[in-house]
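One file, coords_5.txt, is given below (compact mmCIF, C-alpha atoms).
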```
# COMPACT_ATOMS: atom_id res chain seq x y z
CA MET A 102 5.84 -3.52 7.98
CA PHE A 103 2.81 -5.77 8.61
CA ALA A 104 0.55 -2.89 9.61
CA GLU A 105 1.46 -0.77 6.59
CA VAL A 106 1.02 -3.65 4.14
CA PHE A 107 -2.28 -4.69 5.73
CA ILE A 108 -3.69 -1.15 5.69
CA LEU A 109 -2.77 -0.65 2.03
CA LEU A 110 -4.24 -4.02 1.06
CA TYR A 111 -7.41 -3.23 3.02
CA VAL A 112 -7.78 0.18 1.36
CA ALA A 113 -7.29 -1.48 -2.03
CA HIS A 114 -9.92 -4.05 -1.08
CA LEU A 115 -12.43 -1.36 -0.15
CA LEU A 116 -11.75 0.49 -3.40
CA ALA A 117 -12.17 -2.65 -5.50
CA ASP A 118 -15.25 -3.90 -3.65
CA TYR A 119 -17.17 -0.63 -3.68
CA PRO A 120 -16.29 2.29 -5.99
CA LEU A 121 -14.48 0.15 -8.60
CA GLN A 122 -16.96 -2.75 -8.76
CA THR A 123 -19.42 -2.41 -11.61
CA ASP A 124 -23.14 -3.06 -11.28
CA HIS A 125 -22.72 -5.95 -13.72
CA GLN A 126 -20.02 -7.58 -11.61
CA ALA A 127 -22.05 -7.21 -8.42
CA ALA A 128 -25.19 -8.62 -10.03
CA HIS A 129 -23.58 -11.54 -11.86
CA LYS A 130 -20.50 -12.71 -9.92
CA ALA A 131 -22.47 -15.46 -8.18
CA THR A 132 -24.39 -16.53 -11.31
CA CYS A 133 -23.92 -20.16 -12.31
CA GLY A 134 -21.81 -20.95 -15.34
CA ALA A 135 -19.40 -19.04 -17.52
CA ALA A 136 -21.18 -15.69 -17.18
CA GLY A 137 -20.81 -15.78 -13.42
CA TRP A 138 -17.16 -16.78 -13.56
CA LYS A 139 -16.47 -14.04 -16.13
CA ALA A 140 -17.98 -11.38 -13.82
CA THR A 141 -16.12 -12.88 -10.85
CA ALA A 142 -12.82 -12.92 -12.73
CA ALA A 143 -13.21 -9.29 -13.78
CA HIS A 144 -13.95 -8.31 -10.19
CA ALA A 145 -11.04 -10.36 -8.83
CA LEU A 146 -8.69 -8.77 -11.37
CA THR A 147 -9.84 -5.37 -10.14
CA HIS A 148 -8.72 -6.45 -6.66
CA VAL A 149 -5.38 -7.67 -7.95
CA ALA A 150 -4.80 -4.39 -9.81
CA ALA A 151 -5.81 -2.21 -6.85
CA CYS A 152 -3.67 -4.21 -4.42
CA GLY A 153 -0.75 -4.22 -6.87
CA VAL A 154 -0.87 -0.47 -7.33
CA LEU A 155 -1.04 0.23 -3.59
CA LEU A 156 1.73 -2.27 -2.81
CA ALA A 157 3.92 -0.59 -5.45
CA VAL A 158 3.15 2.84 -4.01
CA GLY A 159 3.95 1.54 -0.52
CA ALA A 160 7.22 0.02 -1.73
CA ILE A 161 8.27 3.32 -3.30
CA VAL A 162 7.06 5.75 -0.65
CA LEU A 163 8.05 3.65 2.37
CA SER A 164 11.24 2.21 0.81
CA TRP A 165 10.19 -1.41 1.25
CA ASN A 166 12.42 -4.13 -0.09
CA LEU A 167 9.48 -6.19 -1.32
CA PRO A 168 10.64 -9.13 -3.46
CA LEU A 169 8.71 -9.43 -6.72
CA VAL A 170 7.88 -13.16 -6.65
CA PRO A 171 6.34 -13.17 -3.14
CA ALA A 172 4.43 -9.96 -3.97
CA LEU A 173 3.04 -11.57 -7.15
CA ALA A 174 2.16 -14.72 -5.17
CA ALA A 175 0.31 -12.58 -2.61
CA LEU A 176 -1.63 -10.86 -5.40
CA ALA A 177 -2.54 -14.24 -6.92
CA TRP A 178 -3.67 -15.44 -3.46
CA ILE A 179 -5.80 -12.32 -2.99
CA GLY A 180 -7.38 -12.56 -6.44
CA GLY A 181 -8.01 -16.30 -6.29
CA THR A 182 -9.49 -16.35 -2.82
CA HIS A 183 -11.57 -13.26 -3.54
CA ALA A 184 -13.07 -14.97 -6.57
CA VAL A 185 -13.97 -18.09 -4.61
CA ILE A 186 -15.45 -16.19 -1.65
CA ASP A 187 -17.50 -13.98 -3.99
CA ARG A 188 -19.16 -16.97 -5.64
CA ARG A 189 -21.28 -16.79 -2.45
CA TRP A 190 -21.62 -20.53 -1.86
CA PRO A 191 -18.65 -20.65 0.59
CA VAL A 192 -20.28 -17.98 2.77
CA ALA A 193 -23.69 -19.66 2.53
CA ARG A 194 -22.15 -23.02 3.44
CA TRP A 195 -20.26 -21.52 6.38
CA MET A 196 -23.44 -19.88 7.67
CA ARG A 197 -25.35 -23.19 7.44
CA VAL A 198 -22.60 -25.07 9.29
CA ALA A 199 -22.35 -22.33 11.92
CA ARG A 200 -26.15 -22.33 12.29
CA GLN A 201 -26.45 -18.71 11.21
CA GLN A 202 -29.34 -19.05 8.74
CA GLY A 203 -31.42 -16.45 10.58
CA TRP A 204 -28.57 -13.98 10.49
CA ALA A 205 -27.99 -14.80 6.82
CA LYS A 206 -31.61 -13.88 6.05
CA ASN A 207 -31.14 -10.54 7.82
CA GLY A 208 -28.01 -9.32 6.04
CA GLY A 209 -25.35 -11.28 7.90
CA ALA A 210 -23.86 -12.84 4.77
CA ALA A 211 -22.28 -9.53 3.75
CA HIS A 212 -20.49 -9.33 7.10
CA VAL A 213 -19.22 -12.91 6.88
CA ASP A 214 -18.09 -12.24 3.29
CA GLN A 215 -16.12 -9.15 4.30
CA THR A 216 -14.61 -10.93 7.30
CA ALA A 217 -13.37 -13.73 5.03
CA HIS A 218 -11.76 -11.19 2.72
CA VAL A 219 -10.06 -9.37 5.60
CA VAL A 220 -8.66 -12.65 6.95
CA VAL A 221 -7.17 -13.38 3.51
CA LEU A 222 -5.64 -9.89 3.36
CA ALA A 223 -4.17 -10.29 6.85
CA ALA A 224 -2.59 -13.59 5.84
CA ALA A 225 -1.07 -12.01 2.73
CA ALA A 226 0.24 -9.05 4.73
CA LEU A 227 1.71 -11.34 7.37
CA VAL A 228 3.58 -13.40 4.78
CA LEU A 229 4.87 -10.31 2.96
CA ALA A 230 6.02 -8.73 6.23
CA ALA A 231 7.86 -11.90 7.22
CA ILE A 232 9.94 -11.98 4.03
```

Represent the structure contained in this file as structure tokens.
Amino acid sequence: MFAEVFILLYVAHLLADYPLQTDHQAAHKATCGAAGWKATAAHALTHVAACGVLLAVGAIVLSWNLPLVPALAALAWIGGTHAVIDRRWPVARWMRVARQQGWAKNGGAAHVDQTAHVVVLAAAALVLAAI
């Protein structure tokens, strides 16, 4: 079940990060203050909705016995961690600590950002598969 859950969560992530993310969210989610958090929250909720829909579809189509409380906890984990990662400072801090400033200046931050999101999705899928 891990592979199926992970693939559906990853597809939902791609949908929420690209075709479903508005220009406003992309431009403002790392802005300081309430405006930035509002854009980040809207974007994170898009992720939660997309992941929730695809998990529900997977549960129906693949006859999963997915308990509601752990599924809701996984969605909260995905939304919360996505919001923090997308504030951009965690990725910037990681790249400074890992001595990747040159790579950061040449587009590497987007790759580190996506890797962090995929790790979070894999953790959620692993927990849901283990239940």

Inset, instruction - Find the residues near Gln126 of chain A: any atom within 9 Å, counting all atoms listed in the file, skip ones fewer than 5 places away on the same chain, and give them as a PyMOL selection string. - result: chain A and resi 131+137+139-141+143-144

Inset, instruction - For each of A:Ala225, A:Cys133, A:Ala113, A:Val220, take the minimum atom-to-atom distance to Ala174 of chain A, counting all atoms listed in the file, then give the residue where this is smallest. - result: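 Among A:Ala225, A:Cys133, A:Ala113, A:Val220, it is A:Ala225 that comes nearest to Ala174 of chain A.
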
Legend entry - Top pick for closest residue to Gln215 of chain A, considering A:Ile186, A:Val198, A:Ala117, A:Leu146 and counting all atoms listed in the file: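 Ranking A:Ile186, A:Val198, A:Ala117, A:Leu146 by distance to Gln215 of chain A, first place goes to A:Ile186.
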
Inset, instruction - For each of A:Ala145, A:Gly153, A:Ala231, A:Ala104, take the minimum atom-to-atom distance to Ala172 of chain A, counting only C-alpha atoms, then give the residue where this is smallest. - result: A:Gly153

Legend entry - Among listed residues A:Asp214, A:Gly180, A:Ile232, A:Val162, nearest Trp195 of chain A (using all atoms listed in the file): A:Asp214

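Within 9 Å of segment 106-108 of chain A, once only C-alpha atoms are used and residues closer than 2 positions along the same chain are dropped, the contacting residues are Met102, Phe103, Ala104, Leu110, Tyr111, Val112, Ala113, Leu155, Leu156, Gly159, Leu222, Ala223, Ala224, Ala225, Ala226, Leu227, Leu229 and Ala230 of chain A.
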
Inset, instruction - Identify which of the residues A:Trp138, A:Trp165, A:Trp178, A:Trp204 lies closest to His218 of chain A, counting all atoms listed in the file when measuring atom-to-atom distances. - result: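 Closest to His218 of chain A, using all atoms listed in the file: A:Trp178.
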
Legend entry - Proximity to Leu176 of chain A - best of A:Ala135, A:Leu115, A:Val221, A:Ala211, only C-alpha atoms: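 Of A:Ala135, A:Leu115, A:Val221, A:Ala211, the one nearest Leu176 of chain A, counting only C-alpha atoms, is A:Val221.
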
Inset, instruction - Work out how far apart atom CA of Val149 of chain A and atom CA of Ile179 of chain A are and give it in Å to one decimal. - result: 6.8 Å

Because the input lacks atoms here, generate N, CA and C atoms for segment 108-144 of chain A and report them as a CSV table (one decimal), keeping the file's coordinate frame.
```csv
chain,number,residue,atom,x,y,z
A,108,ILE,N,-2.8,-2.3,5.9
A,108,ILE,CA,-3.7,-1.2,5.7
A,108,ILE,C,-3.8,-0.9,4.2
A,109,LEU,N,-2.7,-0.9,3.5
A,109,LEU,CA,-2.8,-0.6,2.0
A,109,LEU,C,-3.6,-1.7,1.3
A,110,LEU,N,-3.4,-3.0,1.7
A,110,LEU,CA,-4.2,-4.0,1.1
A,110,LEU,C,-5.7,-3.8,1.4
A,111,TYR,N,-6.0,-3.4,2.6
A,111,TYR,CA,-7.4,-3.2,3.0
A,111,TYR,C,-8.0,-2.0,2.3
A,112,VAL,N,-7.3,-1.0,2.1
A,112,VAL,CA,-7.8,0.2,1.4
A,112,VAL,C,-8.0,-0.2,-0.1
A,113,ALA,N,-7.1,-1.0,-0.7
A,113,ALA,CA,-7.3,-1.5,-2.0
A,113,ALA,C,-8.5,-2.4,-2.1
A,114,HIS,N,-8.7,-3.2,-1.1
A,114,HIS,CA,-9.9,-4.0,-1.1
A,114,HIS,C,-11.2,-3.2,-1.1
A,115,LEU,N,-11.2,-2.2,-0.2
A,115,LEU,CA,-12.4,-1.4,-0.2
A,115,LEU,C,-12.7,-0.6,-1.5
A,116,LEU,N,-11.6,-0.2,-2.1
A,116,LEU,CA,-11.8,0.5,-3.4
A,116,LEU,C,-12.3,-0.5,-4.4
A,117,ALA,N,-11.8,-1.7,-4.5
A,117,ALA,CA,-12.2,-2.6,-5.5
A,117,ALA,C,-13.6,-3.2,-5.2
A,118,ASP,N,-13.9,-3.3,-4.0
A,118,ASP,CA,-15.2,-3.9,-3.6
A,118,ASP,C,-16.4,-2.9,-3.8
A,119,TYR,N,-16.1,-1.6,-3.7
A,119,TYR,CA,-17.2,-0.6,-3.7
A,119,TYR,C,-17.1,0.3,-4.9
A,120,PRO,N,-16.2,1.4,-4.9
A,120,PRO,CA,-16.3,2.3,-6.0
A,120,PRO,C,-15.8,1.7,-7.3
A,121,LEU,N,-15.0,0.7,-7.3
A,121,LEU,CA,-14.5,0.2,-8.6
A,121,LEU,C,-15.3,-1.1,-9.1
A,122,GLN,N,-16.2,-1.6,-8.3
A,122,GLN,CA,-17.0,-2.8,-8.8
A,122,GLN,C,-18.1,-2.3,-9.6
A,123,THR,N,-18.3,-2.8,-10.8
A,123,THR,CA,-19.4,-2.4,-11.6
A,123,THR,C,-20.7,-3.1,-11.2
A,124,ASP,N,-21.8,-2.5,-11.6
A,124,ASP,CA,-23.1,-3.1,-11.3
A,124,ASP,C,-23.2,-4.5,-11.9
A,125,HIS,N,-22.7,-4.6,-13.1
A,125,HIS,CA,-22.7,-6.0,-13.7
A,125,HIS,C,-22.0,-7.0,-12.9
A,126,GLN,N,-20.8,-6.6,-12.4
A,126,GLN,CA,-20.0,-7.6,-11.6
A,126,GLN,C,-20.8,-8.0,-10.3
A,127,ALA,N,-21.3,-7.0,-9.7
A,127,ALA,CA,-22.0,-7.2,-8.4
A,127,ALA,C,-23.3,-8.1,-8.7
A,128,ALA,N,-24.0,-7.9,-9.8
A,128,ALA,CA,-25.2,-8.6,-10.0
A,128,ALA,C,-24.9,-10.0,-10.5
A,129,HIS,N,-23.8,-10.3,-11.2
A,129,HIS,CA,-23.6,-11.5,-11.9
A,129,HIS,C,-22.4,-12.4,-11.3
A,130,LYS,N,-21.7,-11.9,-10.4
A,130,LYS,CA,-20.5,-12.7,-9.9
A,130,LYS,C,-20.8,-14.0,-9.2
A,131,ALA,N,-22.1,-14.2,-8.8
A,131,ALA,CA,-22.5,-15.5,-8.2
A,131,ALA,C,-23.4,-16.3,-9.1
A,132,THR,N,-23.6,-15.8,-10.3
A,132,THR,CA,-24.4,-16.5,-11.3
A,132,THR,C,-23.7,-17.8,-11.7
A,133,CYS,N,-24.5,-18.9,-11.9
A,133,CYS,CA,-23.9,-20.2,-12.3
A,133,CYS,C,-23.4,-20.1,-13.7
A,134,GLY,N,-22.3,-20.8,-14.0
A,134,GLY,CA,-21.8,-21.0,-15.3
A,134,GLY,C,-20.8,-19.9,-15.7
A,135,ALA,N,-20.5,-19.9,-17.0
A,135,ALA,CA,-19.4,-19.0,-17.5
A,135,ALA,C,-19.6,-17.6,-17.3
A,136,ALA,N,-20.9,-17.1,-17.4
A,136,ALA,CA,-21.2,-15.7,-17.2
A,136,ALA,C,-20.8,-15.3,-15.8
A,137,GLY,N,-21.1,-16.1,-14.8
A,137,GLY,CA,-20.8,-15.8,-13.4
A,137,GLY,C,-19.3,-15.8,-13.2
A,138,TRP,N,-18.6,-16.7,-13.7
A,138,TRP,CA,-17.2,-16.8,-13.6
A,138,TRP,C,-16.5,-15.6,-14.3
A,139,LYS,N,-17.0,-15.2,-15.4
A,139,LYS,CA,-16.5,-14.0,-16.1
A,139,LYS,C,-16.6,-12.8,-15.3
A,140,ALA,N,-17.8,-12.6,-14.7
A,140,ALA,CA,-18.0,-11.4,-13.8
A,140,ALA,C,-17.1,-11.5,-12.6
A,141,THR,N,-17.0,-12.7,-12.0
A,141,THR,CA,-16.1,-12.9,-10.8
A,141,THR,C,-14.7,-12.6,-11.2
A,142,ALA,N,-14.2,-13.1,-12.3
A,142,ALA,CA,-12.8,-12.9,-12.7
A,142,ALA,C,-12.5,-11.4,-12.9
A,143,ALA,N,-13.4,-10.7,-13.6
A,143,ALA,CA,-13.2,-9.3,-13.8
A,143,ALA,C,-13.1,-8.6,-12.4
A,144,HIS,N,-14.0,-8.9,-11.5
A,144,HIS,CA,-14.0,-8.3,-10.2
A,144,HIS,C,-12.7,-8.7,-9.4
```
